[in-house]
$ cat structure-v5.cif   # mmCIF, C-alpha atoms
data_start
loop_
_atom_site.label_atom_id
_atom_site.label_comp_id
_atom_site.auth_asym_id
_atom_site.auth_seq_id
_atom_site.Cartn_x
_atom_site.Cartn_y
_atom_site.Cartn_z
CA MET V 354 6.96 -15.67 13.28
CA GLU V 355 9.30 -15.22 10.36
CA LEU V 356 7.34 -17.67 8.26
CA ALA V 357 4.07 -15.93 9.07
CA ASP V 358 5.54 -12.57 8.02
CA ARG V 359 6.74 -14.10 4.80
CA ALA V 360 3.31 -15.62 4.13
CA VAL V 361 1.59 -12.28 4.78
CA GLY V 362 4.04 -10.55 2.44
CA PHE V 363 3.43 -13.11 -0.28
CA LEU V 364 -0.33 -12.77 0.20
CA LEU V 365 -0.14 -8.97 -0.06
CA SER V 366 1.94 -9.09 -3.26
CA PHE V 367 -0.36 -11.73 -4.74
CA ILE V 368 -3.49 -9.71 -3.94
CA SER V 369 -2.05 -6.49 -5.35
CA LEU V 370 -0.82 -8.17 -8.53
CA SER V 371 -4.14 -9.92 -9.14
CA ILE V 372 -6.12 -6.71 -8.54
CA PHE V 373 -3.80 -4.85 -10.91
CA ILE V 374 -4.10 -7.46 -13.67
CA TYR V 375 -7.87 -7.75 -13.33
CA TYR V 376 -8.37 -3.99 -13.32
CA THR V 377 -6.06 -3.52 -16.31
CA PHE V 378 -8.06 -6.09 -18.24
CA TRP V 379 -11.29 -4.46 -17.18
CA VAL V 380 -10.42 -0.85 -17.99
CA ILE V 381 -7.79 -0.96 -20.73
CA ILE V 382 -8.44 -4.06 -22.80
CA LEU V 383 -12.18 -4.66 -22.48
CA PRO V 384 -13.32 -1.57 -24.45
CA PHE V 385 -11.56 -3.00 -27.51
CA VAL V 386 -13.30 -6.37 -27.27
CA ASP V 387 -16.61 -6.92 -29.07
CA ASP V 388 -19.72 -6.48 -26.99
CA ASP V 389 -21.01 -10.01 -27.59
CA HIS V 390 -17.73 -11.71 -26.76
CA PHE V 391 -17.87 -14.35 -24.04
CA VAL V 392 -15.20 -12.53 -21.96
CA HIS V 393 -17.80 -9.92 -20.97
CA LYS V 394 -19.53 -12.49 -18.81
CA TYR V 395 -16.65 -12.39 -16.30
CA PHE V 396 -16.70 -8.62 -15.76
CA LEU V 397 -19.20 -6.26 -14.17
CA PRO V 398 -20.57 -3.37 -16.22
CA GLN V 399 -18.20 -0.50 -16.94
CA GLU V 400 -19.68 1.97 -14.42
CA TYR V 401 -18.69 -0.31 -11.53
CA ALA V 402 -15.05 0.24 -12.54
CA ILE V 403 -15.41 3.78 -11.16
CA LEU V 404 -17.91 3.04 -8.41
CA ILE V 405 -15.95 0.35 -6.58
CA PRO V 406 -12.56 2.15 -6.30
CA VAL V 407 -14.21 5.43 -5.29
CA SER V 408 -16.32 3.77 -2.60
CA ALA V 409 -13.30 1.82 -1.38
CA GLY V 410 -11.28 5.05 -1.20
CA VAL V 411 -14.04 6.82 0.73
CA ALA V 412 -14.32 3.89 3.16
CA LEU V 413 -10.54 3.90 3.65
CA LEU V 414 -10.53 7.65 4.30
CA CYS V 415 -13.34 7.29 6.85
CA PHE V 416 -11.50 4.48 8.60
CA LEU V 417 -8.30 6.54 8.70
CA CYS V 418 -10.09 9.57 10.14
CA ILE V 419 -11.83 7.47 12.81
CA PHE V 420 -8.53 5.84 13.74
CA ILE V 421 -6.73 9.18 14.02
CA GLY V 422 -9.58 10.52 16.14
CA PHE V 423 -9.39 7.54 18.49
CA VAL V 424 -5.62 7.95 18.84
CA MET V 425 -5.98 11.66 19.62
CA LEU V 426 -8.66 10.96 22.22
CA LYS V 427 -6.52 8.31 23.84
CA SER V 428 -3.42 10.54 24.00
CA LYS V 429 -5.46 13.38 25.49
CA LYS V 430 -6.82 11.06 28.18
CA LYS V 431 -3.31 9.91 29.04
CA LYS V 432 -2.12 13.48 29.48
CA ALA V 433 -4.99 14.43 31.80
CA MET Z 539 14.39 17.71 -4.07
CA LYS Z 540 15.31 15.92 -7.27
CA HIS Z 541 12.87 13.13 -6.57
CA ILE Z 542 9.91 15.45 -6.26
CA VAL Z 543 10.80 17.12 -9.58
CA LYS Z 544 10.79 13.69 -11.23
CA ILE Z 545 7.41 12.80 -9.74
CA LEU Z 546 5.92 16.18 -10.67
CA THR Z 547 7.15 15.81 -14.25
CA LEU Z 548 5.53 12.39 -14.46
CA VAL Z 549 2.25 13.72 -13.10
CA VAL Z 550 2.28 16.66 -15.53
CA ALA Z 551 3.09 14.35 -18.46
CA ILE Z 552 0.23 12.03 -17.56
CA THR Z 553 -2.16 14.97 -17.16
CA VAL Z 554 -1.13 16.40 -20.53
CA LEU Z 555 -1.62 13.01 -22.16
CA TRP Z 556 -5.03 12.66 -20.52
CA VAL Z 557 -6.20 16.14 -21.55
CA GLY Z 558 -4.97 15.44 -25.05
CA LEU Z 559 -6.95 12.23 -25.14
CA LEU Z 560 -10.01 14.08 -23.86
CA GLN Z 561 -9.65 16.80 -26.51
CA THR Z 562 -8.94 14.60 -29.50
CA SER Z 563 -11.41 11.90 -28.39
CA ILE Z 564 -9.65 9.05 -30.17
CA ILE Z 565 -11.15 6.74 -27.58
CA PRO Z 566 -14.77 7.24 -26.42
CA CYS Z 567 -15.12 9.84 -23.71
CA SER Z 568 -16.45 7.48 -21.04
CA HIS Z 569 -13.30 5.35 -21.29
CA THR Z 570 -10.99 8.36 -21.11
CA TRP Z 571 -12.66 9.40 -17.87
CA LEU Z 572 -11.66 6.06 -16.38
CA LEU Z 573 -7.95 6.74 -16.81
CA PRO Z 574 -7.29 8.80 -13.61
CA VAL Z 575 -9.12 6.20 -11.54
CA TYR Z 576 -6.99 3.57 -13.21
CA PHE Z 577 -3.82 5.45 -12.29
CA VAL Z 578 -4.91 5.79 -8.67
CA VAL Z 579 -5.73 2.09 -8.48
CA SER Z 580 -2.41 1.11 -10.03
CA LEU Z 581 -0.59 3.40 -7.59
CA GLY Z 582 -2.35 1.67 -4.70
CA CYS Z 583 -1.45 -1.73 -6.14
CA TYR Z 584 2.18 -0.63 -6.48
CA GLY Z 585 2.27 0.47 -2.84
CA LEU Z 586 0.73 -2.79 -1.66
CA LEU Z 587 3.18 -4.77 -3.80
CA MET Z 588 6.16 -2.88 -2.37
CA VAL Z 589 4.93 -3.51 1.18
CA GLY Z 590 4.47 -7.20 0.40
CA VAL Z 591 7.91 -7.55 -1.19
CA GLY Z 592 9.52 -5.69 1.71
CA LEU Z 593 7.76 -7.98 4.17
CA MET Z 594 8.84 -11.06 2.23
CA ASN Z 595 12.50 -10.03 2.09
CA PHE Z 596 12.64 -8.61 5.59
CA PRO Z 597 16.12 -9.36 6.91
CA THR Z 598 16.32 -11.08 10.29
CA CYS Z 599 19.60 -11.79 12.04
CA PRO Z 600 19.26 -14.43 14.79
CA GLN Z 601 23.01 -14.54 15.50
CA GLU Z 602 23.05 -10.82 16.21
CA ALA Z 603 20.03 -11.23 18.49
CA VAL Z 604 21.93 -13.80 20.56
CA LEU Z 605 24.98 -11.53 20.71
CA LEU Z 606 22.85 -8.57 21.78
CA HIS Z 607 21.25 -10.68 24.50
CA LYS Z 608 24.69 -11.59 25.80
CA ASP Z 609 25.72 -7.95 25.76
CA ILE Z 610 22.64 -6.95 27.74
CA VAL Z 611 23.29 -9.57 30.41
CA GLU Z 612 26.94 -8.51 30.64
CA ALA Z 613 26.07 -4.84 30.95
CA LYS Z 614 23.50 -5.57 33.63
CA GLU Z 615 26.03 -7.46 35.70
CA TYR Z 616 28.59 -4.69 35.26
CA LEU Z 617 26.12 -2.01 36.31
CA LYS Z 618 25.00 -4.08 39.29
CA LEU Z 619 28.61 -4.24 40.43
CA LYS Z 620 28.80 -0.46 40.21
CA GLY Z 621 25.64 -0.12 42.25
CA VAL Z 622 23.25 1.09 39.52
CA ASP Z 623 19.73 -0.28 39.64
CA VAL Z 624 18.79 -1.78 36.25
CA SER Z 625 16.16 -4.25 37.36
CA SER Z 626 13.39 -2.54 35.38
CA SER Z 627 11.63 -4.93 33.06
CA TYR Z 628 11.71 -2.93 29.84
CA LEU Z 629 15.23 -3.98 29.00
CA LEU Z 630 14.43 -7.64 28.77
#

$ encode --input "structure-v5.cif" --output "structure tokens"
Amino acid sequence: MELADRAVGFLLSFISLSIFIYYTFWVIILPFVDDDHFVHKYFLPQEYAILIPVSAGVALLCFLCIFIGFVMLKSKKKKA
Amino acid sequence: MKHIVKILTLVVAITVLWVGLLQTSIIPCSHTWLLPVYFVVSLGCYGLLMVGVGLMNFPTCPQEAVLLHKDIVEAKEYLKLKGVDVSSSYLL
């Protein structure tokens, strides 16, 4: 149990660090690299840098709202 | 109260910097528009990292668990002697 928690924690930190490094490269450093440089092959076009986070945020918000709604329904049923 | 002042100052400073960048247009406009999204993403990454680090360094104390278990058994016996019913399952 303890080992599993530790592994999950390590995985979470690893994922967040890799996302942060990749996104920093994508948004901050890539505009200063020449357009025909080979690094551009590994990154999506610039407009996806807005599109993906916004869609992920909207999906997260929807999930949160659905979850809260389910919890409220459940608690109301328990009371009745 | 002090913490929120610090955070608000940081937010205002970042906003001022961003508006300044937008006005002076040192960097192309399309890249300046990416900056708030970048800050939101980095904030999310920071939160996830803190959760991961907290989960990794979560303190567990097995000795204390054993001691607590002993205490519970002792208290149950004591209460049974006094005639209090503690047989409900949520304690153990």

$ resolve_selection --input "structure-v5.cif" --expression "the PyMOL selection byres ((chain V) within 8 of (chain Z))" --output "mmCIF file with C-alpha atoms, keeping the file's coordinate frame"
data_model
loop_
_atom_site.group_PDB
_atom_site.id
_atom_site.type_symbol
_atom_site.label_atom_id
_atom_site.label_comp_id
_atom_site.auth_asym_id
_atom_site.auth_seq_id
_atom_site.Cartn_x
_atom_site.Cartn_y
_atom_site.Cartn_z
ATOM 1 C CA ASP V 358 5.540 -12.570 8.020
ATOM 2 C CA ARG V 359 6.740 -14.100 4.800
ATOM 3 C CA ALA V 360 3.310 -15.620 4.130
ATOM 4 C CA VAL V 361 1.590 -12.280 4.780
ATOM 5 C CA GLY V 362 4.040 -10.550 2.440
ATOM 6 C CA PHE V 363 3.430 -13.110 -0.280
ATOM 7 C CA LEU V 364 -0.330 -12.770 0.200
ATOM 8 C CA LEU V 365 -0.140 -8.970 -0.060
ATOM 9 C CA SER V 366 1.940 -9.090 -3.260
ATOM 10 C CA PHE V 367 -0.360 -11.730 -4.740
ATOM 11 C CA SER V 369 -2.050 -6.490 -5.350
ATOM 12 C CA LEU V 370 -0.820 -8.170 -8.530
ATOM 13 C CA ILE V 372 -6.120 -6.710 -8.540
ATOM 14 C CA PHE V 373 -3.800 -4.850 -10.910
ATOM 15 C CA TYR V 376 -8.370 -3.990 -13.320
ATOM 16 C CA THR V 377 -6.060 -3.520 -16.310
ATOM 17 C CA VAL V 380 -10.420 -0.850 -17.990
ATOM 18 C CA PRO V 384 -13.320 -1.570 -24.450
ATOM 19 C CA ALA V 402 -15.050 0.240 -12.540
ATOM 20 C CA ILE V 403 -15.410 3.780 -11.160
ATOM 21 C CA PRO V 406 -12.560 2.150 -6.300
#

$ atom_distance --input "structure-v5.cif" --atom1 "CA of Leu397 in chain V" --atom2 "CA of Tyr375 in chain V"
11.5 Å

$ atom_distance --input "structure-v5.cif" --atom1 "CA of Ile381 in chain V" --atom2 "CA of Gln399 in chain V"
11.1 Å

$ atom_distance --input "structure-v5.cif" --atom1 "CA of Lys608 in chain Z" --atom2 "CA of Gly621 in chain Z"
20.1 Å

$ residues_around --input "structure-v5.cif" --residues "Thr553 in chain Z" --least-positions-apart "3" --cutoff "12 Å" --atoms "only C-alpha atoms" --output "list in words"
Leu546, Thr547, Leu548, Val549, Val550, Trp556, Val557, Gly558, Leu559, Leu560, Thr570, Trp571, Leu573, Pro574 and Phe577 of chain Z

$ build_atoms --input "structure-v5.cif" --residues "range 568-581 of chain Z" --atoms "N, CA and C atoms" --output "CSV table (one decimal), in the frame of the given file"
chain,number,residue,atom,x,y,z
Z,568,SER,N,-16.2,8.2,-22.3
Z,568,SER,CA,-16.4,7.5,-21.0
Z,568,SER,C,-15.2,6.6,-20.6
Z,569,HIS,N,-14.5,6.2,-21.6
Z,569,HIS,CA,-13.3,5.4,-21.3
Z,569,HIS,C,-12.1,6.2,-20.9
Z,570,THR,N,-12.1,7.4,-21.5
Z,570,THR,CA,-11.0,8.4,-21.1
Z,570,THR,C,-11.2,8.8,-19.7
Z,571,TRP,N,-12.4,9.0,-19.2
Z,571,TRP,CA,-12.7,9.4,-17.9
Z,571,TRP,C,-12.2,8.4,-16.9
Z,572,LEU,N,-12.1,7.1,-17.3
Z,572,LEU,CA,-11.7,6.1,-16.4
Z,572,LEU,C,-10.2,6.1,-16.1
Z,573,LEU,N,-9.4,6.8,-16.9
Z,573,LEU,CA,-8.0,6.7,-16.8
Z,573,LEU,C,-7.4,7.2,-15.5
Z,574,PRO,N,-7.8,8.4,-14.9
Z,574,PRO,CA,-7.3,8.8,-13.6
Z,574,PRO,C,-7.6,7.8,-12.5
Z,575,VAL,N,-8.8,7.2,-12.5
Z,575,VAL,CA,-9.1,6.2,-11.5
Z,575,VAL,C,-8.2,5.0,-11.7
Z,576,TYR,N,-7.9,4.7,-13.0
Z,576,TYR,CA,-7.0,3.6,-13.2
Z,576,TYR,C,-5.6,3.9,-12.6
Z,577,PHE,N,-5.2,5.1,-12.8
Z,577,PHE,CA,-3.8,5.4,-12.3
Z,577,PHE,C,-3.8,5.4,-10.8
Z,578,VAL,N,-4.9,5.9,-10.1
Z,578,VAL,CA,-4.9,5.8,-8.7
Z,578,VAL,C,-4.9,4.3,-8.2
Z,579,VAL,N,-5.7,3.5,-8.9
Z,579,VAL,CA,-5.7,2.1,-8.5
Z,579,VAL,C,-4.4,1.4,-8.7
Z,580,SER,N,-3.7,1.7,-9.8
Z,580,SER,CA,-2.4,1.1,-10.0
Z,580,SER,C,-1.4,1.6,-9.0
Z,581,LEU,N,-1.5,2.9,-8.6
Z,581,LEU,CA,-0.6,3.4,-7.6
Z,581,LEU,C,-0.8,2.6,-6.3
